[in-house]
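Student: Shown below is the structure under consideration.
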Amino acid sequence: MDLERIPTVPTADEVMDRSLRRAASRMKEKRNRGRADREFVMAIAASLHDRLVKVIQSFPEFETLPPFYRDLAEILFGLERLRMALGGVGWAAKTTRRIGGQMSREMRTSGDTRGVRRRAVARLSSVVHRVDGDLRFLNEVRNTLRALPALREEYTVVVAGYPNVGKSSFIRLVSSAEPEVASYPFTTKGIVVGHRRTGRSGIQFVDTPGLLDRPPEERSPIERQAVAALMHAAQAVLFILDPSEMCGFPLESQLALLGAVKEMVQVPVLVAVNKADVKGMEGFLNMSTLRGEGVDAVLEALVRAGGASPRPRQGRTR
Ligand code: GDP
């Protein structure tokens with residue numbers, strides 16, 4: 001299912017207008033008025049039904065989405081509410097078809113087909129407008145889903161650590177192409193995703209500015225859920241320390257954040273010390289993303305950590 005390709009969901013007015021136009025365009029050549037009226041009603045009912053069914057079919061089966069997307073969908077708009085909205089549209093689709101059949105039968109015996117036709121259009125319009133709220137909600141969902149970051153189904157490493165320790169420098173350095181920035185709910189800065197090929201497979205690096213770069217007590221409940229969703233897609237965390245403290249945060253605070261991150265996630269947390277050109281730390285993997293030193297050893301350790309991960313790989317279905 002391609003979340004980026006869900007088409008715009010029309011409003012009730014748009015569904016109605018398009019179906020009316022469609023039905024009218026098919027009526028131009030009919031001479032027999034009674035028959036034309038009947039066919040008009042059947043055509044508009046069929047068109048409404050098909051349009052509404054198409055809306056439902058354009059949405060993914062949320063049960064089959066990878067947990068990362070399912071979690072986000074739950075946090076962002078609630079899967080139950082989504083089911084209700086899709087159910088509402090399904091009801092409208094069925095009802096328009098039923099009304100179409102009913103009213104066209106009524107026309108067969110009616111002397112006033114124009115009157116029945118008018119009533120039919122009014123009833124159909126009323127049904128469609130009853131789910132206008134659902135359609136608008138679904139369009140919001142569609143816009144949200146489209147904007148979600150595209151994570152590939154490959155080994156995913158989430159990069160954590162205080163701001164300015166060198167997270168984005170690291171991702172830029174190890175990625176084969178310029179990392180992509182996608183919008184991510186709950187952060188204004190977006191999510192940074194970089195890829196690197198290693199042997200036959202690949203590694204995907206994810207940086208989430210504003211989420212895993214500050215103490216957990218500063219995180220809102222919704223941000224905590226967003227982190228949890230992200231962790232559903234991750235097989236390892238790379239935590240970057242900056243003992244030079246050039247980042248502006250004391251090493252002590254950085255170690256406290258490391259402890260908090262470790263408690264929060266169930267995947268392996270690998271620690272790397274950056275800016276070793278300024279100051280290194282015994283007993284850790286040291287690197288300098290500025291000079292490109294020690295980075296390969298960190299990558300190797302990450303690949304090993306991924307192999308030892310107890311979690312199955314999960315990613316996108318896009
Ligand atoms: P982020 O906020 O964690 O993504 O950090 P950045 O990657 O933006 O880096 C923050 C600052 O640290 C930048 O000015 C980098 O040039 C600098 N920096 C990053 N890596 C190194 C390094 O290995 N050595 C030194 N001396 N500076 C670095």
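We name chains A, B, ... following the order of the structure tokens; residues begin at 1 in each chain, and ligands are numbered from 1 as shown.
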When the cut-off is 7 Å and you count only C-alpha atoms and all ligand atoms, which residues lie near ligand 1, shown as number ranges by chain?

Tutor: A: 161-170, 247, 274-278, 287-291

Student: Taking the DSSP secondary structure from the backbone, can you list the residues of stretch 22-104 of chain A that are alpha helix (DSSP H), as an mmCIF file with C-alpha atoms, in the first residue's frame?

Tutor:
data_model
loop_
_atom_site.group_PDB
_atom_site.id
_atom_site.type_symbol
_atom_site.label_atom_id
_atom_site.label_comp_id
_atom_site.auth_asym_id
_atom_site.auth_seq_id
_atom_site.Cartn_x
_atom_site.Cartn_y
_atom_site.Cartn_z
ATOM 1 C CA ARG A 22 -21.805 12.577 -14.991
ATOM 2 C CA ALA A 23 -25.460 11.607 -15.024
ATOM 3 C CA ALA A 24 -26.442 14.740 -16.963
ATOM 4 C CA SER A 25 -23.832 14.135 -19.628
ATOM 5 C CA ARG A 33 -38.552 11.916 -20.965
ATOM 6 C CA GLY A 34 -39.811 9.331 -18.496
ATOM 7 C CA ARG A 35 -37.073 6.956 -19.444
ATOM 8 C CA ALA A 36 -34.503 9.700 -19.372
ATOM 9 C CA ASP A 37 -35.518 10.623 -15.833
ATOM 10 C CA ARG A 38 -35.278 7.015 -14.716
ATOM 11 C CA GLU A 39 -31.894 6.530 -16.247
ATOM 12 C CA PHE A 40 -30.734 9.795 -14.773
ATOM 13 C CA VAL A 41 -31.586 8.608 -11.277
ATOM 14 C CA MET A 42 -29.936 5.247 -11.858
ATOM 15 C CA ALA A 43 -26.846 6.888 -13.289
ATOM 16 C CA ILE A 44 -26.411 9.348 -10.450
ATOM 17 C CA ALA A 45 -26.985 6.648 -7.812
ATOM 18 C CA ALA A 46 -24.439 4.352 -9.478
ATOM 19 C CA SER A 47 -21.936 7.150 -9.793
ATOM 20 C CA LEU A 48 -22.335 8.143 -6.134
ATOM 21 C CA HIS A 49 -21.982 4.531 -5.045
ATOM 22 C CA ASP A 50 -18.835 4.011 -7.101
ATOM 23 C CA ARG A 51 -17.216 7.237 -5.949
ATOM 24 C CA LEU A 52 -17.856 6.448 -2.295
ATOM 25 C CA VAL A 53 -16.607 2.870 -2.644
ATOM 26 C CA LYS A 54 -13.481 4.203 -4.345
ATOM 27 C CA VAL A 55 -12.811 6.418 -1.338
ATOM 28 C CA ILE A 56 -12.949 3.392 0.980
ATOM 29 C CA GLN A 57 -10.766 1.294 -1.265
ATOM 30 C CA PRO A 67 3.539 -1.354 13.464
ATOM 31 C CA PHE A 68 5.359 1.950 13.010
ATOM 32 C CA TYR A 69 2.632 3.319 10.736
ATOM 33 C CA ARG A 70 -0.159 1.687 12.705
ATOM 34 C CA ASP A 71 1.087 3.288 15.925
ATOM 35 C CA LEU A 72 1.366 6.674 14.290
ATOM 36 C CA ALA A 73 -2.111 6.355 12.821
ATOM 37 C CA GLU A 74 -3.457 5.481 16.250
ATOM 38 C CA ILE A 75 -1.753 8.450 17.896
ATOM 39 C CA LEU A 76 -2.592 10.885 15.117
ATOM 40 C CA LEU A 79 -7.943 3.796 14.328
ATOM 41 C CA GLU A 80 -11.425 3.389 15.785
ATOM 42 C CA ARG A 81 -12.464 6.814 14.545
ATOM 43 C CA LEU A 82 -11.045 5.927 11.161
ATOM 44 C CA ARG A 83 -13.023 2.699 11.078
ATOM 45 C CA MET A 84 -16.179 4.615 11.974
ATOM 46 C CA ALA A 85 -15.601 7.146 9.198
ATOM 47 C CA LEU A 86 -14.978 4.421 6.608
ATOM 48 C CA GLY A 87 -18.055 2.615 7.921
ATOM 49 C CA GLY A 88 -20.100 5.785 7.501
ATOM 50 C CA VAL A 89 -19.003 6.171 3.904
ATOM 51 C CA GLY A 90 -19.775 2.479 3.303
ATOM 52 C CA TRP A 91 -23.263 3.019 4.652
ATOM 53 C CA ALA A 92 -23.756 6.002 2.330
ATOM 54 C CA ALA A 93 -22.545 3.975 -0.660
ATOM 55 C CA LYS A 94 -25.011 1.177 0.014
ATOM 56 C CA THR A 95 -27.855 3.578 0.736
ATOM 57 C CA THR A 96 -27.385 5.587 -2.453
ATOM 58 C CA ARG A 97 -27.591 2.407 -4.479
ATOM 59 C CA ARG A 98 -30.723 1.295 -2.653
ATOM 60 C CA ILE A 99 -32.422 4.672 -3.118
ATOM 61 C CA GLY A 100 -31.490 4.679 -6.799
ATOM 62 C CA GLY A 101 -33.151 1.308 -7.334
ATOM 63 C CA GLN A 102 -36.199 2.204 -5.276
ATOM 64 C CA MET A 103 -36.874 5.539 -6.945
ATOM 65 C CA SER A 104 -36.328 4.309 -10.472
#

Student: When you draw a straight line from atom CA of A:Leu258 to atom CA of A:Leu211, how long is it in Å?

Tutor: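 Atom CA of A:Leu258 sits 13.2 Å away from atom CA of A:Leu211.
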
Student: Quick one: residues within 9 Å of A:Gly133, only C-alpha atoms, excluding same-chain residues fewer than 4 positions away - as a ChimeraX atom specification?

Tutor: /A:11-12,85,129,137-138

Student: Atoms to include: all heavy atoms. Write the selected residues as an mmCIF file, in the first residue's frame.

Tutor:
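For reference, selection.cif as written:
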data_model
loop_
_atom_site.group_PDB
_atom_site.id
_atom_site.type_symbol
_atom_site.label_atom_id
_atom_site.label_comp_id
_atom_site.auth_asym_id
_atom_site.auth_seq_id
_atom_site.Cartn_x
_atom_site.Cartn_y
_atom_site.Cartn_z
ATOM 1 N N THR A 11 -15.281 16.213 -0.910
ATOM 2 C CA THR A 11 -16.333 16.546 0.063
ATOM 3 C C THR A 11 -17.662 16.045 -0.487
ATOM 4 O O THR A 11 -17.754 15.644 -1.658
ATOM 5 C CB THR A 11 -16.440 18.068 0.261
ATOM 6 O OG1 THR A 11 -16.799 18.648 -0.999
ATOM 7 C CG2 THR A 11 -15.127 18.661 0.743
ATOM 8 N N ALA A 12 -18.700 16.122 0.340
ATOM 9 C CA ALA A 12 -20.034 15.691 -0.097
ATOM 10 C C ALA A 12 -20.482 16.492 -1.325
ATOM 11 O O ALA A 12 -21.013 15.941 -2.290
ATOM 12 C CB ALA A 12 -21.034 15.837 1.042
ATOM 13 N N ALA A 85 -15.432 6.274 10.367
ATOM 14 C CA ALA A 85 -15.601 7.146 9.198
ATOM 15 C C ALA A 85 -15.735 6.308 7.927
ATOM 16 O O ALA A 85 -16.605 6.557 7.093
ATOM 17 C CB ALA A 85 -14.420 8.104 9.088
ATOM 18 N N HIS A 129 -24.585 14.035 2.092
ATOM 19 C CA HIS A 129 -24.200 15.113 3.008
ATOM 20 C C HIS A 129 -24.148 14.655 4.462
ATOM 21 O O HIS A 129 -23.478 15.264 5.274
ATOM 22 C CB HIS A 129 -25.116 16.322 2.833
ATOM 23 C CG HIS A 129 -24.696 17.156 1.669
ATOM 24 N ND1 HIS A 129 -25.170 16.935 0.390
ATOM 25 C CD2 HIS A 129 -23.775 18.146 1.566
ATOM 26 C CE1 HIS A 129 -24.586 17.780 -0.438
ATOM 27 N NE2 HIS A 129 -23.731 18.531 0.255
ATOM 28 N N PHE A 137 -12.962 14.258 7.351
ATOM 29 C CA PHE A 137 -12.014 13.637 8.279
ATOM 30 C C PHE A 137 -11.054 12.720 7.506
ATOM 31 O O PHE A 137 -9.842 12.740 7.719
ATOM 32 C CB PHE A 137 -12.785 12.858 9.349
ATOM 33 C CG PHE A 137 -11.925 11.937 10.177
ATOM 34 C CD1 PHE A 137 -11.008 12.454 11.085
ATOM 35 C CD2 PHE A 137 -12.026 10.561 10.049
ATOM 36 C CE1 PHE A 137 -10.211 11.614 11.851
ATOM 37 C CE2 PHE A 137 -11.233 9.711 10.811
ATOM 38 C CZ PHE A 137 -10.326 10.242 11.704
ATOM 39 N N LEU A 138 -11.612 11.927 6.589
ATOM 40 C CA LEU A 138 -10.772 11.016 5.810
ATOM 41 C C LEU A 138 -9.755 11.780 4.975
ATOM 42 O O LEU A 138 -8.631 11.329 4.773
ATOM 43 C CB LEU A 138 -11.633 10.122 4.914
ATOM 44 C CG LEU A 138 -12.443 9.049 5.647
ATOM 45 C CD1 LEU A 138 -13.393 8.344 4.690
ATOM 46 C CD2 LEU A 138 -11.520 8.038 6.332
#

Student: Counting only C-alpha atoms, what is within 12 Å of A:Ala301, bar same-chain residues fewer than 6 positions away, as a PyMOL selection string?

Tutor: chain A and resi 157+236-238+268-272+284-286+294-295+307-308

Student: Output as a VMD selection string all residues of stretch 109-232 of chain A that backbone DSSP marks as strand (DSSP E or B).

Tutor: chain A and resid 155 to 160 180 to 182 191 to 198 201 to 207

Student: Stretch 81-171 of chain A near stretch 182-198 of chain A within 7 Å: what's each residue's closest atom pair and its distance in Å to one decimal, counting only C-alpha atoms, ordered by chain then ascending residue number, as JSON lines?

Tutor:
{"residue": "A:Ala147", "atom": "CA", "partner": "A:Ser183", "partner_atom": "CA", "distance": 6.1}
{"residue": "A:Leu148", "atom": "CA", "partner": "A:Tyr184", "partner_atom": "CA", "distance": 5.9}
{"residue": "A:Pro149", "atom": "CA", "partner": "A:Ala182", "partner_atom": "CA", "distance": 5.1}
{"residue": "A:Ile171", "atom": "CA", "partner": "A:Gly194", "partner_atom": "CA", "distance": 6.1}

Student: Quick one: write out the picked residues with C-alpha atoms as a PDB file, in the first residue's frame?

Tutor:
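part.pdb, freshly written:
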ATOM      1  CA  ALA A 147       3.343  13.397   4.956  1.00  0.00           C
ATOM      2  CA  LEU A 148       4.657  10.516   7.082  1.00  0.00           C
ATOM      3  CA  PRO A 149       8.320   9.721   6.554  1.00  0.00           C
ATOM      4  CA  ILE A 171      24.309  10.630   9.121  1.00  0.00           C
TER       5      ILE A 171
END
